[in-house]
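Q: As input, take my_file26.tsv (TSV, C-alpha atoms):
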```tsv
chain	number	residue	atom	x	y	z
A	69	MET	CA	-2.09	92.92	-180.50
A	70	LYS	CA	-2.40	94.05	-176.91
A	71	PHE	CA	-5.42	92.52	-175.18
A	72	VAL	CA	-7.67	95.17	-173.65
A	73	ASP	CA	-10.83	94.11	-171.85
A	74	GLU	CA	-11.84	97.44	-170.31
A	75	ALA	CA	-12.22	100.93	-171.76
A	76	PHE	CA	-14.00	104.21	-171.09
A	77	ILE	CA	-15.63	106.24	-173.85
A	78	ASP	CA	-17.75	109.38	-174.26
A	79	VAL	CA	-20.59	109.24	-176.78
A	80	ALA	CA	-22.70	112.14	-177.99
A	81	ALA	CA	-25.71	111.79	-180.25
A	82	GLY	CA	-26.46	114.64	-182.64
A	83	ASP	CA	-28.65	117.58	-181.67
A	84	GLY	CA	-31.85	118.13	-183.59
A	85	GLY	CA	-31.96	120.94	-186.15
A	86	ASN	CA	-33.85	124.14	-185.42
A	87	GLY	CA	-37.23	124.93	-186.94
A	88	CYS	CA	-37.58	127.81	-189.41
A	89	VAL	CA	-39.82	130.88	-189.56
A	90	SER	CA	-40.58	131.68	-193.17
A	91	PHE	CA	-43.47	132.91	-195.30
A	92	ARG	CA	-44.30	132.06	-198.86
A	93	HIS	CA	-43.32	134.76	-201.37
A	94	GLU	CA	-44.78	134.13	-204.79
A	95	LYS	CA	-46.07	136.41	-207.50
A	96	TYR	CA	-49.80	137.09	-207.27
A	97	LYS	CA	-49.92	135.47	-203.79
A	98	GLU	CA	-49.89	138.39	-201.41
A	99	PHE	CA	-50.54	136.32	-198.29
A	100	GLY	CA	-48.93	132.98	-199.09
A	101	GLY	CA	-48.88	131.85	-195.49
A	102	PRO	CA	-46.15	130.16	-193.42
A	103	ASP	CA	-43.77	127.70	-195.09
A	104	GLY	CA	-41.01	127.22	-192.50
A	105	GLY	CA	-39.96	123.57	-192.28
A	106	ASP	CA	-38.96	121.45	-189.27
A	107	GLY	CA	-35.39	120.68	-188.31
A	108	GLY	CA	-33.98	117.20	-188.90
A	109	ARG	CA	-33.31	114.75	-186.06
A	110	GLY	CA	-29.80	114.30	-184.77
A	111	GLY	CA	-27.79	111.19	-185.56
A	112	HIS	CA	-28.00	108.17	-183.25
A	113	VAL	CA	-25.04	106.24	-181.82
A	114	PHE	CA	-25.37	102.48	-182.28
A	115	ALA	CA	-23.27	99.56	-181.07
A	116	VAL	CA	-23.00	96.29	-182.96
A	117	ALA	CA	-21.60	92.97	-181.73
A	118	ASP	CA	-18.85	92.04	-184.20
A	119	PRO	CA	-17.69	88.39	-183.95
A	120	ASN	CA	-14.44	89.32	-185.71
A	121	LEU	CA	-13.26	91.43	-182.78
A	122	ASN	CA	-11.82	90.04	-179.56
A	123	THR	CA	-10.47	93.13	-177.81
A	124	LEU	CA	-11.50	96.68	-176.89
A	125	VAL	CA	-8.12	98.13	-177.84
A	126	ASP	CA	-9.69	100.45	-180.46
A	127	TYR	CA	-11.50	102.35	-177.72
A	128	ARG	CA	-8.42	102.75	-175.55
A	129	TYR	CA	-7.04	105.32	-178.00
A	130	SER	CA	-10.29	106.68	-179.46
A	131	ARG	CA	-12.45	107.88	-176.62
A	132	ARG	CA	-14.78	110.53	-178.06
A	133	HIS	CA	-17.51	109.50	-180.52
A	134	GLU	CA	-20.02	112.04	-181.85
A	135	ALA	CA	-22.87	111.76	-184.33
A	136	ARG	CA	-23.80	114.62	-186.67
A	137	ARG	CA	-26.49	117.10	-185.77
A	138	GLY	CA	-29.67	117.42	-187.84
A	139	GLY	CA	-30.06	120.05	-190.52
A	140	HIS	CA	-32.06	123.21	-189.85
A	141	GLY	CA	-35.46	123.71	-191.41
A	142	MET	CA	-35.78	126.13	-194.34
A	143	GLY	CA	-38.43	128.01	-196.22
A	144	SER	CA	-40.55	126.60	-199.03
A	145	ASP	CA	-41.67	123.74	-196.79
A	146	MET	CA	-38.14	122.26	-196.70
A	147	PHE	CA	-37.38	120.11	-193.69
A	148	GLY	CA	-33.84	119.67	-192.42
A	149	ALA	CA	-31.95	116.46	-193.20
A	150	ALA	CA	-31.45	113.88	-190.46
A	151	GLY	CA	-27.95	113.73	-189.00
A	152	SER	CA	-25.71	110.81	-189.94
A	153	ASP	CA	-25.70	107.92	-187.47
A	154	ILE	CA	-22.50	106.26	-186.28
A	155	THR	CA	-22.06	102.58	-185.43
A	156	LEU	CA	-19.41	101.37	-182.98
A	157	LYS	CA	-18.19	97.82	-183.49
A	158	MET	CA	-17.57	95.92	-180.26
A	159	PRO	CA	-16.62	92.32	-179.44
A	160	VAL	CA	-19.34	89.83	-178.59
A	161	GLY	CA	-19.59	89.69	-174.80
A	162	THR	CA	-19.13	93.44	-174.20
A	163	ILE	CA	-20.98	94.93	-171.24
A	164	ILE	CA	-21.89	98.62	-171.60
A	165	SER	CA	-22.48	100.42	-168.32
A	166	ASP	CA	-22.73	103.99	-167.03
A	167	ALA	CA	-19.25	105.11	-165.98
A	168	GLU	CA	-20.62	107.32	-163.20
A	169	THR	CA	-23.28	105.13	-161.58
A	170	GLY	CA	-22.04	101.68	-162.65
A	171	GLN	CA	-25.52	100.72	-163.89
A	172	VAL	CA	-25.41	98.11	-166.64
A	173	LEU	CA	-27.16	99.49	-169.73
A	174	HIS	CA	-26.63	96.81	-172.37
A	175	GLU	CA	-24.93	93.46	-172.98
A	176	LEU	CA	-23.89	92.36	-176.45
A	177	LEU	CA	-24.32	88.59	-176.38
A	178	THR	CA	-25.43	87.73	-179.93
A	179	PRO	CA	-23.22	88.20	-183.02
A	180	GLY	CA	-24.66	90.92	-185.22
A	181	GLU	CA	-26.85	92.34	-182.44
A	182	VAL	CA	-27.41	96.11	-182.80
A	183	ILE	CA	-28.43	98.39	-179.94
A	184	THR	CA	-28.91	102.14	-179.54
A	185	ILE	CA	-26.62	103.56	-176.89
A	186	ALA	CA	-27.35	107.28	-177.47
A	187	LYS	CA	-30.46	108.67	-179.16
A	188	GLY	CA	-30.30	111.75	-181.37
A	189	GLY	CA	-32.41	114.77	-180.50
A	190	ASP	CA	-35.67	115.46	-182.32
A	191	GLY	CA	-35.80	118.36	-184.72
A	192	GLY	CA	-37.53	121.61	-183.81
A	193	PHE	CA	-40.85	122.69	-185.34
A	194	GLY	CA	-41.05	125.36	-188.02
A	195	ASN	CA	-43.82	127.94	-188.12
A	196	LEU	CA	-45.73	125.77	-190.61
A	197	ARG	CA	-46.60	123.54	-187.64
A	198	PHE	CA	-48.27	126.41	-185.77
A	199	LYS	CA	-50.68	127.48	-188.48
A	200	SER	CA	-54.34	127.34	-187.37
A	201	SER	CA	-57.69	128.90	-188.17
A	202	ILE	CA	-57.07	131.66	-185.65
A	203	ASN	CA	-53.36	132.08	-186.23
A	204	ARG	CA	-52.85	132.42	-189.97
A	205	ALA	CA	-49.36	133.93	-189.81
A	206	PRO	CA	-47.52	132.28	-186.88
A	207	ARG	CA	-44.03	133.41	-186.06
A	208	GLN	CA	-43.30	130.67	-183.55
A	209	LYS	CA	-40.60	128.06	-183.96
A	210	THR	CA	-38.82	125.68	-181.59
A	211	PRO	CA	-35.16	124.79	-181.34
A	212	GLY	CA	-33.98	121.23	-181.84
A	213	TRP	CA	-33.74	118.92	-178.84
A	214	PRO	CA	-30.23	118.05	-177.65
A	215	GLY	CA	-28.93	114.55	-178.29
A	216	GLU	CA	-28.05	112.19	-175.46
A	217	ARG	CA	-24.56	112.38	-174.04
A	218	LYS	CA	-23.12	109.57	-171.96
A	219	ASN	CA	-19.91	108.54	-170.30
A	220	LEU	CA	-19.68	104.78	-170.70
A	221	LYS	CA	-17.57	101.96	-169.39
A	222	LEU	CA	-16.97	99.04	-171.72
A	223	GLU	CA	-16.09	95.70	-170.15
A	224	LEU	CA	-15.43	92.54	-172.12
A	225	LYS	CA	-16.35	89.12	-170.78
A	226	VAL	CA	-15.49	86.53	-173.37
A	227	LEU	CA	-18.16	83.99	-174.26
A	228	ALA	CA	-16.85	80.49	-173.71
A	229	ASP	CA	-18.40	77.19	-172.72
A	230	VAL	CA	-15.40	75.94	-170.75
A	231	GLY	CA	-12.80	77.83	-168.71
A	232	LEU	CA	-9.33	76.62	-167.72
A	233	LEU	CA	-8.25	77.29	-164.18
A	234	GLY	CA	-4.93	76.60	-162.57
A	235	MET	CA	-1.54	77.73	-161.33
A	236	PRO	CA	1.01	79.25	-163.73
A	237	ASN	CA	2.84	76.58	-165.75
A	238	ALA	CA	0.17	73.94	-165.07
A	239	GLY	CA	-0.08	73.17	-168.79
A	240	LYS	CA	-3.28	75.06	-169.64
A	241	SER	CA	-1.84	76.62	-172.80
A	242	THR	CA	-0.46	73.27	-173.93
A	243	PHE	CA	-3.87	71.69	-173.40
A	244	ILE	CA	-5.81	74.33	-175.36
A	245	ALA	CA	-3.27	74.12	-178.18
A	246	ALA	CA	-3.59	70.32	-178.24
A	247	VAL	CA	-7.38	70.15	-178.47
A	248	SER	CA	-8.36	73.36	-180.30
A	249	ASN	CA	-7.35	75.76	-183.05
A	250	ALA	CA	-5.80	78.25	-180.58
A	251	ARG	CA	-2.05	78.80	-180.72
A	252	PRO	CA	-1.05	80.45	-177.45
A	253	LYS	CA	2.51	81.13	-176.39
A	254	ILE	CA	4.02	78.09	-174.65
A	255	ALA	CA	7.27	78.22	-172.67
A	256	ASP	CA	8.95	76.57	-169.68
A	257	TYR	CA	8.46	79.48	-167.29
A	258	PRO	CA	5.42	80.73	-165.34
A	259	PHE	CA	3.12	83.53	-166.51
A	260	THR	CA	3.66	82.69	-170.17
A	261	THR	CA	0.00	83.53	-170.81
A	262	LEU	CA	-0.53	87.27	-170.41
A	263	HIS	CA	-4.05	87.57	-171.81
A	264	PRO	CA	-7.02	85.22	-172.36
A	265	ASN	CA	-6.97	82.85	-175.31
A	266	LEU	CA	-10.06	81.37	-176.96
A	267	GLY	CA	-10.07	78.09	-178.83
A	268	VAL	CA	-12.81	76.20	-180.67
A	269	VAL	CA	-12.70	72.45	-180.00
A	270	ARG	CA	-14.11	70.30	-182.82
A	271	VAL	CA	-15.57	67.09	-181.44
A	272	GLY	CA	-17.27	65.96	-184.65
A	273	PRO	CA	-19.35	67.26	-187.56
A	274	GLU	CA	-21.35	70.24	-186.26
A	275	GLN	CA	-20.17	69.40	-182.74
A	276	SER	CA	-17.92	71.93	-181.04
A	277	PHE	CA	-17.47	74.08	-177.96
A	278	VAL	CA	-15.32	77.07	-176.97
A	279	VAL	CA	-12.54	76.95	-174.37
A	280	ALA	CA	-11.08	80.00	-172.61
A	281	ASP	CA	-7.57	80.00	-171.16
A	282	ILE	CA	-6.70	82.80	-168.72
A	283	PRO	CA	-3.39	83.66	-167.02
A	284	GLY	CA	-2.57	81.39	-164.10
A	285	LEU	CA	-3.71	82.20	-160.59
A	286	ILE	CA	-1.46	82.35	-157.54
A	287	GLU	CA	-2.20	82.62	-153.84
A	288	GLY	CA	-3.36	86.13	-153.00
A	289	ALA	CA	-4.83	86.72	-156.46
A	290	SER	CA	-8.12	88.01	-155.04
A	291	GLU	CA	-6.11	90.81	-153.39
A	292	GLY	CA	-4.34	91.66	-156.65
A	293	ALA	CA	-1.30	89.38	-156.70
A	294	GLY	CA	-0.24	88.08	-160.10
A	295	LEU	CA	-2.18	88.52	-163.34
A	296	GLY	CA	-5.02	86.00	-163.24
A	297	HIS	CA	-7.37	88.03	-161.04
A	298	GLN	CA	-7.68	90.65	-163.78
A	299	PHE	CA	-9.19	88.07	-166.12
A	300	LEU	CA	-11.35	85.95	-163.80
A	301	ARG	CA	-14.37	87.84	-165.17
A	302	HIS	CA	-13.94	85.88	-168.40
A	303	LEU	CA	-14.85	82.68	-166.59
A	304	GLN	CA	-18.15	84.01	-165.23
A	305	ARG	CA	-20.12	83.06	-168.34
A	306	THR	CA	-18.70	79.58	-168.73
A	307	ARG	CA	-20.75	76.44	-168.13
A	308	LEU	CA	-17.86	74.36	-166.81
A	309	LEU	CA	-14.48	74.97	-165.18
A	310	LEU	CA	-11.50	72.66	-165.67
A	311	HIS	CA	-9.08	72.83	-162.75
A	312	VAL	CA	-5.77	71.87	-164.36
A	313	VAL	CA	-3.15	70.60	-161.92
A	314	ASP	CA	0.52	69.91	-162.58
A	315	LEU	CA	0.98	66.45	-161.09
A	316	ALA	CA	4.75	66.47	-161.69
A	317	PRO	CA	6.11	69.92	-160.74
A	318	PHE	CA	9.78	70.69	-161.43
A	319	ASP	CA	10.32	71.81	-157.83
A	320	GLU	CA	10.05	68.74	-155.63
A	321	GLY	CA	9.28	70.97	-152.65
A	322	VAL	CA	6.03	72.14	-154.21
A	323	ASP	CA	2.89	70.36	-153.03
A	324	PRO	CA	0.26	70.13	-155.83
A	325	VAL	CA	-2.49	69.57	-153.25
A	326	ALA	CA	-1.66	72.82	-151.45
A	327	GLN	CA	-1.63	74.66	-154.77
A	328	ALA	CA	-5.00	73.23	-155.75
A	329	ARG	CA	-6.52	74.27	-152.42
A	330	ALA	CA	-5.11	77.78	-152.82
A	331	ILE	CA	-6.73	78.12	-156.25
A	332	VAL	CA	-10.13	77.04	-154.91
A	333	ALA	CA	-9.80	79.48	-151.99
A	334	GLU	CA	-8.96	82.40	-154.32
A	335	LEU	CA	-11.88	81.51	-156.56
A	336	LYS	CA	-14.28	81.59	-153.62
A	337	LYS	CA	-12.93	84.93	-152.41
A	338	TYR	CA	-13.28	86.51	-155.84
A	339	ASP	CA	-16.82	85.37	-156.65
A	340	PRO	CA	-18.90	82.76	-154.76
A	341	GLU	CA	-21.07	82.21	-157.85
A	342	LEU	CA	-17.97	81.40	-159.89
A	343	HIS	CA	-16.85	79.01	-157.16
A	344	ALA	CA	-20.25	77.26	-157.31
A	345	LYS	CA	-19.97	76.48	-161.03
A	346	PRO	CA	-19.43	72.84	-162.06
A	347	ARG	CA	-15.71	72.10	-161.77
A	348	TRP	CA	-13.73	69.09	-162.95
A	349	LEU	CA	-10.27	68.08	-161.84
A	350	VAL	CA	-7.77	67.55	-164.67
A	351	LEU	CA	-4.47	66.00	-163.60
A	352	ASN	CA	-1.92	66.97	-166.24
A	353	LYS	CA	1.67	66.00	-167.16
A	354	LEU	CA	1.20	62.31	-166.48
A	355	ASP	CA	3.87	61.66	-169.12
A	356	MET	CA	6.37	62.92	-166.52
A	357	VAL	CA	5.28	60.24	-164.04
A	358	PRO	CA	6.51	56.64	-164.43
A	359	GLN	CA	3.74	54.29	-165.57
A	360	GLU	CA	3.93	52.13	-162.44
A	361	GLU	CA	3.58	55.16	-160.13
A	362	ARG	CA	0.65	56.92	-161.84
A	363	ALA	CA	-2.25	55.15	-160.19
A	364	ALA	CA	-0.80	55.53	-156.71
A	365	ARG	CA	0.05	59.21	-157.20
A	366	VAL	CA	-3.40	60.04	-158.58
A	367	GLN	CA	-5.12	58.15	-155.76
A	368	ASP	CA	-3.00	59.91	-153.15
A	369	PHE	CA	-3.70	63.34	-154.66
A	370	VAL	CA	-7.47	62.84	-154.79
A	371	LYS	CA	-7.54	61.46	-151.26
A	372	ARG	CA	-5.54	64.32	-149.75
A	373	LEU	CA	-7.56	66.93	-151.64
A	374	ARG	CA	-10.80	65.20	-150.55
A	375	TRP	CA	-12.11	65.63	-154.06
A	376	LYS	CA	-15.55	64.16	-154.79
A	377	GLY	CA	-16.09	65.38	-158.36
A	378	PRO	CA	-15.00	64.03	-161.75
A	379	VAL	CA	-11.27	63.36	-162.22
A	380	PHE	CA	-9.46	63.10	-165.57
A	381	GLU	CA	-5.88	62.01	-166.09
A	382	ILE	CA	-4.21	63.49	-169.17
A	383	SER	CA	-0.97	64.49	-170.76
A	384	ALA	CA	-1.52	67.62	-172.84
A	385	LEU	CA	1.91	67.19	-174.44
A	386	THR	CA	1.29	63.67	-175.76
A	387	ARG	CA	-2.53	64.18	-175.90
A	388	GLU	CA	-3.04	61.06	-173.82
A	389	GLY	CA	-6.52	61.10	-172.29
A	390	CYS	CA	-7.52	64.33	-174.09
A	391	GLU	CA	-10.00	62.66	-176.45
A	392	ALA	CA	-12.08	61.16	-173.64
A	393	LEU	CA	-12.00	64.48	-171.78
A	394	ILE	CA	-13.27	66.62	-174.66
A	395	ARG	CA	-16.08	64.16	-175.42
A	396	SER	CA	-17.20	64.27	-171.79
A	397	ILE	CA	-17.03	68.08	-171.89
A	398	TYR	CA	-19.15	68.23	-175.02
A	399	GLN	CA	-21.82	66.00	-173.49
A	400	HIS	CA	-21.90	68.17	-170.36
A	401	VAL	CA	-22.13	71.41	-172.36
A	402	GLN	CA	-24.94	70.01	-174.50
A	403	ALA	CA	-26.87	68.94	-171.41
A	404	GLN	CA	-26.43	72.41	-169.88
A	405	GLN	CA	-27.65	74.07	-173.07
A	406	LYS	CA	-30.79	71.96	-173.07
A	407	VAL	CA	-31.50	72.91	-169.44
A	408	GLU	CA	-31.00	76.62	-170.21
A	409	GLN	CA	-33.25	76.47	-173.28
A	410	GLY	CA	-36.03	74.86	-171.28
A	411	PRO	CA	-38.31	71.96	-172.24
A	412	VAL	CA	-39.06	71.47	-175.90
A	413	ALA	CA	-42.67	72.16	-176.82
A	414	GLU	CA	-44.69	69.02	-177.33
A	415	THR	CA	-45.89	68.18	-180.82
A	416	ASP	CA	-49.45	69.25	-181.52
A	417	PRO	CA	-51.56	66.04	-181.39
A	418	ARG	CA	-53.36	67.13	-184.56
A	419	PHE	CA	-50.14	66.53	-186.51
A	420	LEU	CA	-49.29	63.15	-185.02
A	421	PRO	CA	-49.28	60.13	-187.41
A	422	GLY	CA	-52.65	58.36	-187.56
A	423	HIS	CA	-54.64	61.40	-186.45
A	424	GLU	CA	-57.39	62.62	-188.73
A	425	GLY	CA	-55.91	65.33	-190.91
A	426	GLY	CA	-52.33	64.23	-190.18
A	427	GLN	CA	-50.04	61.84	-191.97
A	428	PRO	CA	-51.36	58.27	-192.21
A	429	SER	CA	-49.73	55.76	-189.93
```
Would you write the structure of this file as structure tokens?

A:
Amino acid sequence: MKFVDEAFIDVAAGDGGNGCVSFRHEKYKEFGGPDGGDGGRGGHVFAVADPNLNTLVDYRYSRRHEARRGGHGMGSDMFGAAGSDITLKMPVGTIISDAETGQVLHELLTPGEVITIAKGGDGGFGNLRFKSSINRAPRQKTPGWPGERKNLKLELKVLADVGLLGMPNAGKSTFIAAVSNARPKIADYPFTTLHPNLGVVRVGPEQSFVVADIPGLIEGASEGAGLGHQFLRHLQRTRLLLHVVDLAPFDEGVDPVAQARAIVAELKKYDPELHAKPRWLVLNKLDMVPQEERAARVQDFVKRLRWKGPVFEISALTREGCEALIRSIYQHVQAQQKVEQGPVAETDPRFLPGHEGGQPS
């Protein structure tokens, strides 16, 4: 399936039904009085975060979405029926914004979350509403209110704990396939990955995190070169970035240090906040380096790059070093989650062991 992370749609909630002017006509009741009912409300347009979806492709080919209008009021005190609502299923992580102003209206961040994106119009009043002690036979009614109409932009930012960053053919797809349940396309040429891949990494029982792999970046990506710049938005919600570097490139004329610096520069140009996220250096393809040369090559790379952060040496193909890396990632993600959730509320002293009314010590 083609990956689509941006779409434009038009939504229209239903108009409210019109009120009715009617008078009761019954035998032996000459002046039965007004009995015109109200119109029904128009249908709403809802959006729900569906965890089973991972693309906005459905909205690329289906742009217009309309809810039904409310029924009109009728005589004999009959109110109009409410219009049918419609619910649009969207992937978790979808941002809904106004296509004209760019204002963000909603963000779907929780699976199963339901929001109202267009409200149906209220129904009009029938003449029964206008009856009073001084107006016994009202002939007033009101039309239904129009439903909301909006032109919306849908933008998907995948929800992942860890994002993979690196040049094309650095081994990111091989790594995510080695440690998670994702099965991306892997080949011996650059730009094999054409759309983001998500993988769930199982560290232990009830211990897991989500990794996102995006197309590789190249120099000039912030100006539109290559494919990776189109998907950098998917890294903005991650808690940690893994900068994957090919330590044994096929072309001997390629300098891995220069490539790593170019990636960092493009990241900073695209989004300074993304550049400020925690970032670890992952030196990949060590299986291509002779055992006796590994330590020297790693030391030389780190020294020339002037890297001060964490460094991990792995081989995604043979899975050497991957176990230690994913355990360190899980610990970091857990620590970040605790910081985001804030301090845990202290236990009420009344329920502490040994306190009167609590459990005996």

Q: Taking the point (-20.4, 94.5, -175.0) as given in the file, collect each protein or nucleic acid residue that comes within 12 Å of it, counting only C-alpha atoms, and present the set as a tab-separated table (two decimals) with C-alpha atoms, in the coordinates of the input.

A:
```
chain	number	residue	atom	x	y	z
A	73	ASP	CA	-10.83	94.11	-171.85
A	74	GLU	CA	-11.84	97.44	-170.31
A	75	ALA	CA	-12.22	100.93	-171.76
A	114	PHE	CA	-25.37	102.48	-182.28
A	115	ALA	CA	-23.27	99.56	-181.07
A	116	VAL	CA	-23.00	96.29	-182.96
A	117	ALA	CA	-21.60	92.97	-181.73
A	118	ASP	CA	-18.85	92.04	-184.20
A	119	PRO	CA	-17.69	88.39	-183.95
A	121	LEU	CA	-13.26	91.43	-182.78
A	122	ASN	CA	-11.82	90.04	-179.56
A	123	THR	CA	-10.47	93.13	-177.81
A	124	LEU	CA	-11.50	96.68	-176.89
A	156	LEU	CA	-19.41	101.37	-182.98
A	157	LYS	CA	-18.19	97.82	-183.49
A	158	MET	CA	-17.57	95.92	-180.26
A	159	PRO	CA	-16.62	92.32	-179.44
A	160	VAL	CA	-19.34	89.83	-178.59
A	161	GLY	CA	-19.59	89.69	-174.80
A	162	THR	CA	-19.13	93.44	-174.20
A	163	ILE	CA	-20.98	94.93	-171.24
A	164	ILE	CA	-21.89	98.62	-171.60
A	165	SER	CA	-22.48	100.42	-168.32
A	172	VAL	CA	-25.41	98.11	-166.64
A	173	LEU	CA	-27.16	99.49	-169.73
A	174	HIS	CA	-26.63	96.81	-172.37
A	175	GLU	CA	-24.93	93.46	-172.98
A	176	LEU	CA	-23.89	92.36	-176.45
A	177	LEU	CA	-24.32	88.59	-176.38
A	178	THR	CA	-25.43	87.73	-179.93
A	179	PRO	CA	-23.22	88.20	-183.02
A	180	GLY	CA	-24.66	90.92	-185.22
A	181	GLU	CA	-26.85	92.34	-182.44
A	182	VAL	CA	-27.41	96.11	-182.80
A	183	ILE	CA	-28.43	98.39	-179.94
A	185	ILE	CA	-26.62	103.56	-176.89
A	220	LEU	CA	-19.68	104.78	-170.70
A	221	LYS	CA	-17.57	101.96	-169.39
A	222	LEU	CA	-16.97	99.04	-171.72
A	223	GLU	CA	-16.09	95.70	-170.15
A	224	LEU	CA	-15.43	92.54	-172.12
A	225	LYS	CA	-16.35	89.12	-170.78
A	226	VAL	CA	-15.49	86.53	-173.37
A	227	LEU	CA	-18.16	83.99	-174.26
```

Q: What's the separation between atom CA of A:Leu232 and atom CA of A:Pro273, in Å to one decimal place?

A: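 Computed distance, atom CA of A:Leu232 to atom CA of A:Pro273, equals 24.1 Å.
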
Q: A:Ala149, A:Val401, A:Met142, A:Ala167: which is nearest A:Cys88, counting all atoms listed in the file?

A: A:Met142

Q: Would you mind listing what lies within 12 Å of A:Ala326 as a list of chain:residue names, with all atoms listed in the file counted and same-chain residues fewer than 2 positions away left out?

A: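 What passes the distance filter is A:Met235, A:Ile286, A:Glu287, A:Val313, A:Asp314, A:Leu315, A:Gly321, A:Val322, A:Asp323, A:Pro324, A:Ala328, A:Arg329, A:Ala330, A:Ile331, A:Val332, A:Ala333, A:Phe369, A:Arg372, A:Leu373, A:Arg374.
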
Q: For each of A:Ile154, A:Val271, A:Val89, A:Ile202, take the minimum atom-to-atom distance to A:His140, counting all atoms listed in the file, then give the residue where this is smallest.

A: A:Val89

Q: Excluding same-chain residues fewer than 5 positions from A:Arg270, what lies within 12 Å of it counting all atoms listed in the file, as a list in words?

A: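 The residues satisfying every condition are Ile244, Ala246, Val247, Ser248, Asn249, Ala250, Gln275, Ser276, Phe277, Val278, Val279, Glu391, Ile394, Arg395, Ile397 and Tyr398 of chain A.
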
Q: Residues of the last selection are to be written out with C-alpha atoms, as a compact mmCIF listing (two decimals), in the coordinates of the input.

A:
```txt
# COMPACT_ATOMS: atom_id res chain seq x y z
CA ILE A 244 -5.81 74.33 -175.36
CA ALA A 246 -3.59 70.32 -178.24
CA VAL A 247 -7.38 70.15 -178.47
CA SER A 248 -8.36 73.36 -180.30
CA ASN A 249 -7.35 75.76 -183.05
CA ALA A 250 -5.80 78.25 -180.58
CA GLN A 275 -20.17 69.40 -182.74
CA SER A 276 -17.92 71.93 -181.04
CA PHE A 277 -17.47 74.08 -177.96
CA VAL A 278 -15.32 77.07 -176.97
CA VAL A 279 -12.54 76.95 -174.37
CA GLU A 391 -10.00 62.66 -176.45
CA ILE A 394 -13.27 66.62 -174.66
CA ARG A 395 -16.08 64.16 -175.42
CA ILE A 397 -17.03 68.08 -171.89
CA TYR A 398 -19.15 68.23 -175.02
```

Q: Using all atoms listed in the file, which residues sit within 9 Å of A:Gly101 once same-chain residues fewer than 2 positions away are excluded, as a PyMOL selection string?

A: chain A and resi 90-93+98-99+103+196+199+204-206

Q: Around stretch 334-341 of chain A, with edges along x, y and z and 8 Å added on all six sides, what centre and edge lengths do you get, in Å to one decimal, as AutoDock Vina command-line options?

A:
```
--center_x -15.0 --center_y 84.0 --center_z -155.1 --size_x 28.1 --size_y 21.0 --size_z 21.4
```

Q: Using Å and a single decimal, report how far atom CA of A:Glu320 sits from atom CA of A:Glu381.

A: 20.2 Å

Q: Work out how far apart atom CA of A:Lys337 and atom CA of A:Gly267 are and give it in Å to one decimal.

A: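 Distance reported for this atom pair: 27.4 Å.
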
Q: Ranking A:Gln304, A:Val269, A:Ala392, A:Gly231 by minimum distance to A:Pro340 and counting all atoms listed in the file, which one comes first?

A: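 Using all atoms listed in the file, the shortest distance to A:Pro340 belongs to A:Gln304.
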
Q: From the list A:Leu233, A:Arg365, A:Lys376, A:Gln399, which residue is nearest A:His343 when using all atoms listed in the file?

A: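 Closest to A:His343, using all atoms listed in the file: A:Leu233.
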